[in-house]
Structures are given as C-alpha cells and as structure tokens.
Amino acid sequence: MEDAKAKFKEEEFYEPLKKWLESEGYSALVTAGKKQILLITGPLLGVGYLEPDVIGYKKEGYEEYLTIIEAKADPMYIFDGLGRCYVYQTVADYVYLALPKKLAEKIGPGSFFEREFRIGILSVNKVNDKIDVEVKIRAQRIYSHRHEMRMVLMDMVKAALNIRR
C-alpha cells in the first residue's frame with residue numbers, strides 16, 4: 001500500500017529506475033543534472049538540448065539497444081514528460097515515462113500511451129523509505145528515425161559507461 005504521506009522528489013526516482021534497468025539486463029546510468037548525456041535539439045523546441053533522466057545500454061549479439069526513462073513526480077509536468085519521451089523515441093529503442101504510483105495506476109493497457117505513442121509506463125511507489133518500480137505498460141520498440149543522432153547518443157552513453165566498441 002502506498003504511504004499517503006510519502007511525497008517525494010523526482011530525484012528519488014533515479015537510482016531505483018537505474019536498478020530496474022539493470023535488472024532488465026542493461027548497463028545503466030543516471031544522467032539527469034550531470035550534463036553528461038545531451039540530446040541536442042536546437043531552436044526547434046525552444047531549448048538547446050534535452051537531458052534524459054536515466055539511460056540504459058544493452059548489447060545482444062550484434063544488436064545494441066538504448067532505453068531512456070523520463071521521470072515526472074509532479075502531475076503538473078506529465079505532458080512535459082510525454083513530449084520529452086516523444087523526442088527520445090527518435091533516437092532510442094525503448095522509452096518509458098516513470099510516474100508516482102497514484103498517477104501510473106490510472107494508465108493501463110490500451111491507453112494512448114501504449115496505442116499511439118508506444119511509450120512504456122513505470123509506476124514508482126514509496127513505502128516508508130523503500131522505493132519500488134513496477135511496469136504498468138511495457139514500452140514497444142521504436143525504429144530510430146534519426147540514425148546519425150542515435151549513433152552520437154550511443155557513443156556518449158558507451159563512453160560514460162566505459163564500454164569499448
């Protein structure tokens with residue numbers, strides 16, 4: 001049961017989300033606020049770059065996968081998070097929006113997140129001092145539309161994780 005008094009900050013999501021990605025077989029890192037992994041957007045979005053909150057890299061055979069997680073603790077910023085996820089889909093294989101359980105439980109299979117955007121939803125729940133992550137909707141693999149941007153992002157992630165080619 002969710003602790004009703006447990007208000008928490010977005011930053012508290014990051015390590016549990018990183019651990020969840022690692023449990024899925026990824027090498028993962030928290031990138032939010034570090035200006036280490038940046039997706040350059042130029043003037044198109046009114047900001048020069050977007051910075052993913054948590055990003056994971058996995059190699060299976062000859063295939064390499066990138067998963068990006070955008071966390072939003074405040075319901076006021078869900079649409080901002082959705083917009084960021086949509087941009088991240090141009091360069092990542094899988095994209096998730098992590099939300100507090102109270103919000104995430106209202107989004108289920110068949111929602112527009114799954115049907116239209118193919119964005120996964122992660123439910124983040126804080127009980128006392130323990131934070132759990134649960135998949136509400138599994139992200140669907142997206143073909144990267146911007147191959148050159150994806151390769152730049154892939155190189156940044158691999159360098160940050162100290163992964164050799």
# chains A, B, ... in the order shown; residues from 1 in each chain; ligands from 1
>>> closest_atom_pairs(of="region 93-117 of chain A", to="region 76-82 of chain A", cutoff="9 Å", atoms="only C-alpha atoms", output="JSON lines")
{"residue": "A:Leu97", "atom": "CA", "partner": "A:Gly81", "partner_atom": "CA", "distance": 6.8}
{"residue": "A:Ala98", "atom": "CA", "partner": "A:Gly81", "partner_atom": "CA", "distance": 8.9}
{"residue": "A:Leu99", "atom": "CA", "partner": "A:Ile78", "partner_atom": "CA", "distance": 8.2}
{"residue": "A:Phe113", "atom": "CA", "partner": "A:Leu82", "partner_atom": "CA", "distance": 8.8}
>>> closest_atom_pairs(of="region 28-80 of chain A", to="region 139-143 of chain A", cutoff="12 Å", atoms="only C-alpha atoms", output="CSV")
residue,atom,partner,partner_atom,distance
A:Tyr65,CA,A:Arg141,CA,9.5
A:Leu66,CA,A:Arg141,CA,10.0
A:Thr67,CA,A:Ala139,CA,9.3
A:Ile68,CA,A:Ala139,CA,10.3
A:Ile69,CA,A:Ala139,CA,10.4
>>> write_last_selection(atoms="N, CA and C atoms", output="tab-separated table (two decimals), in the first residue's frame")
chain	number	residue	atom	x	y	z
A	65	TYR	N	20.98	-1.76	-27.96
A	65	TYR	CA	19.71	-1.16	-27.58
A	65	TYR	C	19.94	-0.01	-26.61
A	66	LEU	N	19.17	1.04	-26.80
A	66	LEU	CA	19.14	2.16	-25.87
A	66	LEU	C	17.73	2.28	-25.30
A	67	THR	N	17.64	2.43	-23.99
A	67	THR	CA	16.37	2.69	-23.33
A	67	THR	C	16.52	3.96	-22.52
A	68	ILE	N	15.57	4.86	-22.67
A	68	ILE	CA	15.58	6.13	-21.93
A	68	ILE	C	14.35	6.17	-21.04
A	69	ILE	N	14.56	6.62	-19.81
A	69	ILE	CA	13.46	6.80	-18.86
A	69	ILE	C	13.40	8.27	-18.45
>>> closest_atom_pairs(of="region 18-87 of chain A", to="region 121-133 of chain A", cutoff="9 Å", atoms="only C-alpha atoms", output="CSV")
residue,atom,partner,partner_atom,distance
A:Trp20,CA,A:Val133,CA,6.8
A:Ile69,CA,A:Leu122,CA,8.9
A:Ala71,CA,A:Leu122,CA,8.9
A:Ala73,CA,A:Val124,CA,9.0
>>> select_by_dssp(residues="region 19-93 of chain A", states="alpha helix (DSSP H)", output="PyMOL selection string")
chain A and resi 19-23+78-88
>>> residues_around(residues="Gly33 (chain A)", least_positions_apart="3", cutoff="10 Å", atoms="only C-alpha atoms", output="MDAnalysis selection string")
chainID A and resid 11 30 36:37 51:53
>>> residues_around(residues="Lys58 (chain A)", least_positions_apart="4", cutoff="12 Å", atoms="only C-alpha atoms", output="ChimeraX atom specification")
/A:21-28,62-68,92-94,154,157-158,161,163
>>> atom_distance(atom1="CA of Glu60 (chain A)", atom2="CA of Glu15 (chain A)")
23.9 Å
>>> closest_residue(among="A:Pro100, A:Lys9, A:Leu38, A:Phe112", to="Val152 (chain A)", atoms="only C-alpha atoms")
A:Leu38
